[in-house]
file upload_25.pdb (PDB, C-alpha atoms)
ATOM      1  CA  MET S 244     -27.778   2.910 -27.647
ATOM      2  CA  PRO S 245     -26.037  -0.466 -27.338
ATOM      3  CA  GLU S 246     -23.652   0.892 -24.710
ATOM      4  CA  PHE S 247     -26.402   1.089 -22.159
ATOM      5  CA  THR S 248     -28.059  -2.293 -22.374
ATOM      6  CA  GLU S 249     -26.191  -4.207 -19.753
ATOM      7  CA  ALA S 250     -25.971  -4.244 -15.985
ATOM      8  CA  PRO S 251     -24.625  -1.109 -14.304
ATOM      9  CA  THR S 252     -21.812  -2.953 -12.574
ATOM     10  CA  GLN S 253     -20.479  -4.439 -15.789
ATOM     11  CA  PRO S 254     -19.456  -1.639 -18.084
ATOM     12  CA  ARG S 255     -18.931  -2.981 -21.574
ATOM     13  CA  GLN S 256     -15.614  -3.481 -23.183
ATOM     14  CA  ARG S 257     -14.704  -0.894 -25.771
ATOM     15  CA  HIS S 258     -15.432  -1.657 -29.405
ATOM     16  CA  ASP S 259     -14.193   1.548 -30.973
ATOM     17  CA  PRO S 260     -10.503   0.908 -31.726
ATOM     18  CA  ASN S 261      -9.789   4.643 -31.380
ATOM     19  CA  ASP S 262     -11.313   4.811 -27.930
ATOM     20  CA  ASN S 263      -8.618   3.880 -25.456
ATOM     21  CA  THR S 264     -10.759   4.505 -22.386
ATOM     22  CA  ILE S 265     -10.294   1.917 -19.661
ATOM     23  CA  TYR S 266     -13.624   0.719 -18.305
ATOM     24  CA  ILE S 267     -13.470  -0.361 -14.679
ATOM     25  CA  GLY S 268     -15.405  -3.568 -14.109
ATOM     26  CA  LYS S 269     -15.370  -6.410 -11.625
ATOM     27  CA  LYS S 270     -11.829  -7.652 -12.128
ATOM     28  CA  SER S 271      -9.234  -7.093  -9.437
ATOM     29  CA  VAL S 272      -8.061  -3.496  -9.184
ATOM     30  CA  MET S 273      -4.502  -4.422 -10.183
ATOM     31  CA  ASN S 274      -5.728  -5.456 -13.649
ATOM     32  CA  TYR S 275      -6.801  -1.888 -14.306
ATOM     33  CA  VAL S 276      -3.697  -0.429 -12.678
ATOM     34  CA  ILE S 277      -1.574  -2.441 -15.100
ATOM     35  CA  ALA S 278      -3.756  -1.367 -18.035
ATOM     36  CA  VAL S 279      -3.236   2.307 -17.140
ATOM     37  CA  VAL S 280       0.512   1.966 -16.590
ATOM     38  CA  THR S 281       0.849   0.026 -19.852
ATOM     39  CA  GLN S 282      -0.863   2.798 -21.812
ATOM     40  CA  PHE S 283       1.518   5.362 -20.342
ATOM     41  CA  ASN S 284       4.503   3.113 -21.042
ATOM     42  CA  ASN S 285       3.310   2.810 -24.646
ATOM     43  CA  GLY S 286       3.587   6.558 -25.023
ATOM     44  CA  ALA S 287       0.131   7.841 -24.119
ATOM     45  CA  SER S 288       0.258  11.352 -22.698
ATOM     46  CA  SER S 289      -3.085  10.880 -21.005
ATOM     47  CA  VAL S 290      -5.225   7.904 -20.065
ATOM     48  CA  LYS S 291      -8.953   8.012 -19.554
ATOM     49  CA  ALA S 292     -10.808   5.646 -17.228
ATOM     50  CA  LYS S 293     -14.493   5.291 -16.559
ATOM     51  CA  ALA S 294     -16.649   3.500 -14.011
ATOM     52  CA  ARG S 295     -20.287   3.108 -13.145
ATOM     53  CA  GLY S 296     -22.055   2.463  -9.863
ATOM     54  CA  ARG S 297     -20.154   0.487  -7.241
ATOM     55  CA  THR S 298     -17.027   0.298  -9.354
ATOM     56  CA  ILE S 299     -16.489   4.060  -8.951
ATOM     57  CA  SER S 300     -14.601   3.414  -5.700
ATOM     58  CA  ALA S 301     -12.346   0.995  -7.569
ATOM     59  CA  LEU S 302     -11.644   3.650 -10.189
ATOM     60  CA  VAL S 303     -10.418   6.012  -7.468
ATOM     61  CA  ASP S 304      -8.297   3.173  -6.041
ATOM     62  CA  VAL S 305      -6.781   2.642  -9.500
ATOM     63  CA  THR S 306      -5.774   6.307  -9.786
ATOM     64  CA  GLN S 307      -4.226   6.271  -6.317
ATOM     65  CA  ILE S 308      -2.295   3.015  -6.791
ATOM     66  CA  VAL S 309      -0.930   4.199 -10.154
ATOM     67  CA  LYS S 310       0.169   7.440  -8.504
ATOM     68  CA  ASN S 311       1.556   5.983  -5.272
ATOM     69  CA  ARG S 312       3.377   2.987  -6.749
ATOM     70  CA  PHE S 313       4.156   3.712 -10.380
ATOM     71  CA  ILE S 314       3.852   7.333 -11.540
ATOM     72  CA  PRO S 315       4.360   9.792  -8.669
ATOM     73  CA  THR S 316       3.782  12.772 -10.968
ATOM     74  CA  LEU S 317       0.313  11.507 -11.981
ATOM     75  CA  LYS S 318      -2.429  14.102 -12.041
ATOM     76  CA  THR S 319      -6.129  13.335 -12.079
ATOM     77  CA  GLU S 320      -7.889  15.953 -14.147
ATOM     78  CA  ASP S 321     -11.181  16.400 -15.941
ATOM     79  CA  ILE S 322     -13.119  14.401 -13.399
ATOM     80  CA  ASN S 323     -16.680  14.209 -14.629
ATOM     81  CA  LEU S 324     -19.602  12.887 -12.642
ATOM     82  CA  SER S 325     -22.792  12.054 -14.489
ATOM     83  CA  THR S 326     -25.885   9.887 -14.560
ATOM     84  CA  GLU S 327     -26.502   7.212 -17.171
ATOM     85  CA  GLU S 328     -29.743   5.447 -17.925
ATOM     86  CA  LEU S 329     -29.403   1.729 -18.353
ATOM     87  CA  LYS S 330     -31.928  -0.907 -19.274
ATOM     88  CA  SER S 331     -31.903  -3.548 -16.558
ATOM     89  CA  GLU S 332     -32.473  -7.254 -17.205
ATOM     90  CA  ASP S 333     -36.219  -6.934 -16.675
ATOM     91  CA  GLY S 334     -36.364  -4.223 -19.320
ATOM     92  CA  ARG S 335     -36.869  -1.273 -16.991
ATOM     93  CA  MET S 336     -34.693   1.826 -17.216
ATOM     94  CA  THR S 337     -32.565   2.494 -14.187
ATOM     95  CA  LYS S 338     -30.242   5.364 -13.443
ATOM     96  CA  VAL S 339     -26.673   4.776 -12.461
ATOM     97  CA  SER S 340     -23.960   7.215 -11.452
ATOM     98  CA  SER S 341     -20.844   7.296 -13.534
ATOM     99  CA  MET S 342     -17.431   8.868 -13.221
ATOM    100  CA  GLU S 343     -14.783   9.552 -15.824
ATOM    101  CA  VAL S 344     -11.231  10.584 -14.992
ATOM    102  CA  THR S 345      -8.429  11.704 -17.253
ATOM    103  CA  MET S 346      -4.982  10.898 -15.879
ATOM    104  CA  THR S 347      -1.887  12.708 -17.105
ATOM    105  CA  LYS S 348       1.785  12.208 -16.228
TER
ATOM    106  CA  MET P 107      -3.739  12.795  13.885
ATOM    107  CA  PRO P 108      -7.009  11.841  15.522
ATOM    108  CA  GLU P 109      -8.871  12.023  12.211
ATOM    109  CA  PHE P 110      -7.180   8.912  10.978
ATOM    110  CA  THR P 111      -7.652   6.500  13.827
ATOM    111  CA  GLU P 112     -10.807   4.731  12.796
ATOM    112  CA  ALA P 113     -11.912   2.300  10.123
ATOM    113  CA  PRO P 114     -11.728   3.530   6.513
ATOM    114  CA  THR P 115     -15.420   2.904   5.880
ATOM    115  CA  GLN P 116     -16.520   5.033   8.782
ATOM    116  CA  PRO P 117     -15.370   8.584   8.208
ATOM    117  CA  ARG P 118     -15.583  10.508  11.426
ATOM    118  CA  GLN P 119     -18.195  13.076  12.190
ATOM    119  CA  ARG P 120     -16.996  16.633  12.044
ATOM    120  CA  HIS P 121     -15.906  18.272  15.265
ATOM    121  CA  ASP P 122     -14.915  21.681  13.973
ATOM    122  CA  PRO P 123     -18.091  23.786  14.090
ATOM    123  CA  ASN P 124     -16.835  25.931  11.208
ATOM    124  CA  ASP P 125     -16.328  22.906   8.986
ATOM    125  CA  ASN P 126     -19.598  22.203   7.227
ATOM    126  CA  THR P 127     -18.245  19.335   5.156
ATOM    127  CA  ILE P 128     -20.648  16.430   4.862
ATOM    128  CA  TYR P 129     -18.899  13.117   5.506
ATOM    129  CA  ILE P 130     -20.457  10.218   3.635
ATOM    130  CA  GLY P 131     -20.746   7.152   5.851
ATOM    131  CA  LYS P 132     -22.872   4.037   5.990
ATOM    132  CA  LYS P 133     -26.288   5.629   6.347
ATOM    133  CA  SER P 134     -28.735   5.492   3.458
ATOM    134  CA  VAL P 135     -27.823   7.814   0.588
ATOM    135  CA  MET P 136     -30.966   9.912   1.058
ATOM    136  CA  ASN P 137     -29.711  11.044   4.482
ATOM    137  CA  TYR P 138     -26.767  12.741   2.815
ATOM    138  CA  VAL P 139     -28.891  14.065  -0.047
ATOM    139  CA  ILE P 140     -31.120  15.785   2.502
ATOM    140  CA  ALA P 141     -28.083  17.131   4.368
ATOM    141  CA  VAL P 142     -26.751  18.706   1.155
ATOM    142  CA  VAL P 143     -30.105  20.164   0.104
ATOM    143  CA  THR P 144     -30.649  21.534   3.614
ATOM    144  CA  GLN P 145     -27.310  23.358   3.541
ATOM    145  CA  PHE P 146     -28.217  24.970   0.220
ATOM    146  CA  ASN P 147     -31.678  25.872   1.526
ATOM    147  CA  ASN P 148     -30.027  27.491   4.541
ATOM    148  CA  GLY P 149     -28.153  29.821   2.214
ATOM    149  CA  ALA P 150     -24.882  28.036   1.546
ATOM    150  CA  SER P 151     -23.433  28.945  -1.846
ATOM    151  CA  SER P 152     -21.387  25.794  -1.914
ATOM    152  CA  VAL P 153     -21.456  22.503  -0.071
ATOM    153  CA  LYS P 154     -18.485  20.216   0.385
ATOM    154  CA  ALA P 155     -18.804  16.447   0.776
ATOM    155  CA  LYS P 156     -16.158  13.843   1.415
ATOM    156  CA  ALA P 157     -15.971  10.059   1.329
ATOM    157  CA  ARG P 158     -13.435   7.311   1.839
ATOM    158  CA  GLY P 159     -13.108   3.831   0.401
ATOM    159  CA  ARG P 160     -16.325   2.077  -0.568
ATOM    160  CA  THR P 161     -18.484   5.078   0.278
ATOM    161  CA  ILE P 162     -16.988   7.037  -2.636
ATOM    162  CA  SER P 163     -19.635   5.531  -4.943
ATOM    163  CA  ALA P 164     -22.319   6.738  -2.545
ATOM    164  CA  LEU P 165     -20.847  10.247  -2.650
ATOM    165  CA  VAL P 166     -21.221  10.298  -6.429
ATOM    166  CA  ASP P 167     -24.800   9.016  -6.038
ATOM    167  CA  VAL P 168     -25.482  11.872  -3.608
ATOM    168  CA  THR P 169     -24.294  14.489  -6.103
ATOM    169  CA  GLN P 170     -26.386  12.973  -8.885
ATOM    170  CA  ILE P 171     -29.572  12.644  -6.829
ATOM    171  CA  VAL P 172     -29.260  16.236  -5.582
ATOM    172  CA  LYS P 173     -28.817  17.374  -9.172
ATOM    173  CA  ASN P 174     -31.487  15.202 -10.803
ATOM    174  CA  ARG P 175     -34.204  15.636  -8.203
ATOM    175  CA  PHE P 176     -33.595  18.859  -6.301
ATOM    176  CA  ILE P 177     -31.135  21.337  -7.839
ATOM    177  CA  PRO P 178     -30.900  20.930 -11.639
ATOM    178  CA  THR P 179     -28.294  23.704 -11.878
ATOM    179  CA  LEU P 180     -25.932  21.881  -9.498
ATOM    180  CA  LYS P 181     -22.316  21.783 -10.542
ATOM    181  CA  THR P 182     -19.690  19.440  -9.132
ATOM    182  CA  GLU P 183     -16.377  21.240  -9.005
ATOM    183  CA  ASP P 184     -13.051  20.896  -7.276
ATOM    184  CA  ILE P 185     -13.153  17.131  -7.258
ATOM    185  CA  ASN P 186     -10.067  15.952  -5.420
ATOM    186  CA  LEU P 187      -8.873  12.374  -5.233
ATOM    187  CA  SER P 188      -6.299  11.482  -2.623
ATOM    188  CA  THR P 189      -4.929   8.770  -0.374
ATOM    189  CA  GLU P 190      -5.246   8.833   3.394
ATOM    190  CA  GLU P 191      -3.380   6.705   5.881
ATOM    191  CA  LEU P 192      -5.543   5.254   8.603
ATOM    192  CA  LYS P 193      -4.685   3.170  11.622
ATOM    193  CA  SER P 194      -6.765   0.016  11.498
ATOM    194  CA  GLU P 195      -8.116  -1.752  14.574
ATOM    195  CA  ASP P 196      -5.037  -3.959  14.879
ATOM    196  CA  GLY P 197      -2.851  -0.850  14.935
ATOM    197  CA  ARG P 198      -1.402  -1.169  11.452
ATOM    198  CA  MET P 199      -1.467   1.724   9.007
ATOM    199  CA  THR P 200      -3.548   1.161   5.919
ATOM    200  CA  LYS P 201      -4.070   3.379   2.912
ATOM    201  CA  VAL P 202      -7.526   4.312   1.759
ATOM    202  CA  SER P 203      -8.654   6.337  -1.231
ATOM    203  CA  SER P 204     -10.657   9.450  -0.549
ATOM    204  CA  MET P 205     -12.653  11.865  -2.646
ATOM    205  CA  GLU P 206     -13.813  15.375  -1.893
ATOM    206  CA  VAL P 207     -16.343  17.247  -4.021
ATOM    207  CA  THR P 208     -17.477  20.847  -3.850
ATOM    208  CA  MET P 209     -21.037  21.352  -5.072
ATOM    209  CA  THR P 210     -22.302  24.768  -6.168
ATOM    210  CA  LYS P 211     -25.762  25.849  -7.322
TER
END
call {"tool": "encode", "arguments": {"input": "upload_25.pdb", "output": "structure tokens"}}
result
Amino acid sequence: MPEFTEAPTQPRQRHDPNDNTIYIGKKSVMNYVIAVVTQFNNGASSVKAKARGRTISALVDVTQIVKNRFIPTLKTEDINLSTEELKSEDGRMTKVSSMEVTMTK
Amino acid sequence: MPEFTEAPTQPRQRHDPNDNTIYIGKKSVMNYVIAVVTQFNNGASSVKAKARGRTISALVDVTQIVKNRFIPTLKTEDINLSTEELKSEDGRMTKVSSMEVTMTK
């Protein structure tokens, strides 16, 4: 599947226009905080965010900053931990942990 | 509270003998994997693990390695994300994300 062909620390950008999941990558955490808050401000009742590997810690930071600074009522629900298989640059398959969180106001 | 007086990346060791929570620190991930598997082998029906800051990614790795290599029926439940306030070395309070996971067979 094309989703899984790049490096674990660089989750791909979404291509499905109906998928509004925010993928946490290597940008500064505030970029993702703003993306989450913007989705809520645009009327979303829930916002999904996903991270792989090292960026999982940043995903948790995003949820906490959104809650502490912007949306005190934020709840983090449906937290799913899983393993994804990715093809690394040398063509080998490697496993990487992933985490998906659904945030609701 | 004494729990919160050290650096975010070095969660303290447990002092309460009745608290069998595994605190994820800077050791290699396999150390914590073995600690979790050992608790299950000793009869625990559930094992709790906790991490702060950057070690949160390692905590997710621990759950996935335990599941993929040792206990295929493992479930990760009661995943709680929160913010803790810690006093840094220069005496200032800093916030750090934390995650707690309960694993059951």
call {"tool": "interface_residues", "arguments": {"input": "upload_25.pdb", "of": "chain P", "to": "chain S", "cutoff": "8 Å", "atoms": "all atoms listed in the file", "output": "PyMOL selection string"}}
result
chain P and resi 159-163+166-167+170+182+185+187-189+202-205
call {"tool": "atom_distance", "arguments": {"input": "upload_25.pdb", "atom1": "atom CA of P:Val153", "atom2": "atom CA of S:Ala292"}}
result
26.3 Å
call {"tool": "atom_distance", "arguments": {"input": "upload_25.pdb", "atom1": "atom CA of S:Thr347", "atom2": "atom CA of S:Leu317"}}
result
5.7 Å
call {"tool": "atom_distance", "arguments": {"input": "upload_25.pdb", "atom1": "atom CA of S:Pro315", "atom2": "atom CA of S:Glu343"}}
result
20.4 Å
call {"tool": "axis_aligned_box", "arguments": {"input": "upload_25.pdb", "around": "stretch 302-314 of chain S", "padding_each_side": "6 Å", "output": "AutoDock Vina command-line options"}}
result
--center_x -3.7 --center_y 5.0 --center_z -8.4 --size_x 27.8 --size_y 16.8 --size_z 18.3
